[in-house]
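Q: Mind having a look at this structure? Questions to follow.
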Amino acid sequence: MPPTARTAPAADKVFPEPPGLPDPLPEPAVEDLRLETVLAALSDPLRLTIVQKLLLESEQFDHPCGWFGFDRPKSSLTHHFKALREAGITRQRQYGLERRSHVRVDDLNTRFPGLLDLVTAWIPRA
């Protein structure tokens, strides 16, 4: 039986910002988001998995790298999270020694309607 697409409206994954958050790390403004940059960042299967997991499985506002459960070196994960942030897909905040991430759902839906719905429906190869 072929796998079925996972569907969850991306807009349902917008959590209100808790009070007292640290400032976000540098990221592009909404009007500076470029489709080719976003798609290039999402072309890596690990980064696409990160974004999909945040959209489908988040139960909080943001998450540290350890929440994802990837068996990868920290330096590799740092690179992937930085690529997502610099492309404007995720927002990161520094909490002491850890960085936590969440998807910029409102910004991406404003700039590229339907893109996050495609990400949530993506089925990774087995």
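Labels used: A, B, ... for chains in the order of the structure tokens, numbers from 1 for residues in each chain, and numbers from 1 for ligands as shown.
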Apply DSSP to the structure's backbone, then extract all residues of chain A labelled strand (DSSP E or B) and return them as a ChimeraX atom specification.

A: /A:24,63-64,90-95,98-103

Q: Leaving out stretch 98-115 of chain A and any residue of its chain fewer than 3 positions from it, which residues lie within 9 Å of it when counting only C-alpha atoms, given as a PyMOL selection string?

A: chain A and resi 10-11+13-14+29-31+33-35+51+54-55+58+61-65+81+85+88-95+118-120

Q: Using only C-alpha atoms, which of A:Arg125, A:Pro73, A:Ala87, A:Gly20 sits nearest A:Glu36?

A: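 Of A:Arg125, A:Pro73, A:Ala87, A:Gly20, the one nearest A:Glu36 is A:Ala87, counting only C-alpha atoms.
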
Q: Could you check which of A:Leu25, A:Arg47, A:Asp117, A:Ile123 is closest to A:Leu84, using only C-alpha atoms?

A: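 Closest residue, counting only C-alpha atoms: A:Arg47.
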
Q: A:Leu46: which residues within 10 Å, counting only C-alpha atoms, same-chain residues fewer than 4 positions away excluded, as a short mmCIF file (atom, residue, chain, number, x, y, z; two decimals) with N, CA, C and O atoms, in the first residue's frame?

A:
data_model
loop_
_atom_site.label_atom_id
_atom_site.label_comp_id
_atom_site.auth_asym_id
_atom_site.auth_seq_id
_atom_site.Cartn_x
_atom_site.Cartn_y
_atom_site.Cartn_z
N ALA A 41 17.20 25.87 0.59
CA ALA A 41 17.36 25.37 1.96
C ALA A 41 16.53 24.11 2.17
O ALA A 41 16.96 23.17 2.84
N LEU A 42 15.34 24.07 1.59
CA LEU A 42 14.46 22.91 1.76
C LEU A 42 14.85 21.74 0.85
O LEU A 42 14.29 20.66 0.99
N ILE A 50 13.38 18.55 9.34
CA ILE A 50 13.34 19.45 10.50
C ILE A 50 12.10 20.32 10.43
O ILE A 50 11.34 20.44 11.40
N VAL A 51 11.87 20.94 9.28
CA VAL A 51 10.73 21.85 9.13
C VAL A 51 9.43 21.07 9.25
O VAL A 51 8.50 21.50 9.95
N GLN A 52 9.34 19.92 8.61
CA GLN A 52 8.12 19.13 8.70
C GLN A 52 7.84 18.70 10.14
O GLN A 52 6.71 18.77 10.61
N PHE A 70 17.87 13.50 16.26
CA PHE A 70 18.74 13.09 15.15
C PHE A 70 20.06 12.56 15.68
O PHE A 70 20.64 13.13 16.60
N LEU A 77 24.33 19.50 12.70
CA LEU A 77 23.00 20.05 12.99
C LEU A 77 23.04 21.57 13.05
O LEU A 77 22.13 22.24 12.54
N HIS A 80 22.83 22.94 9.59
CA HIS A 80 21.49 22.83 8.98
C HIS A 80 20.51 23.84 9.59
O HIS A 80 19.74 24.47 8.86
N PHE A 81 20.57 24.02 10.90
CA PHE A 81 19.67 24.99 11.53
C PHE A 81 20.03 26.41 11.11
O PHE A 81 19.15 27.25 10.91
N PRO A 124 8.78 11.33 3.07
CA PRO A 124 10.19 10.96 2.81
C PRO A 124 10.29 9.56 2.24
O PRO A 124 9.45 8.70 2.51
#
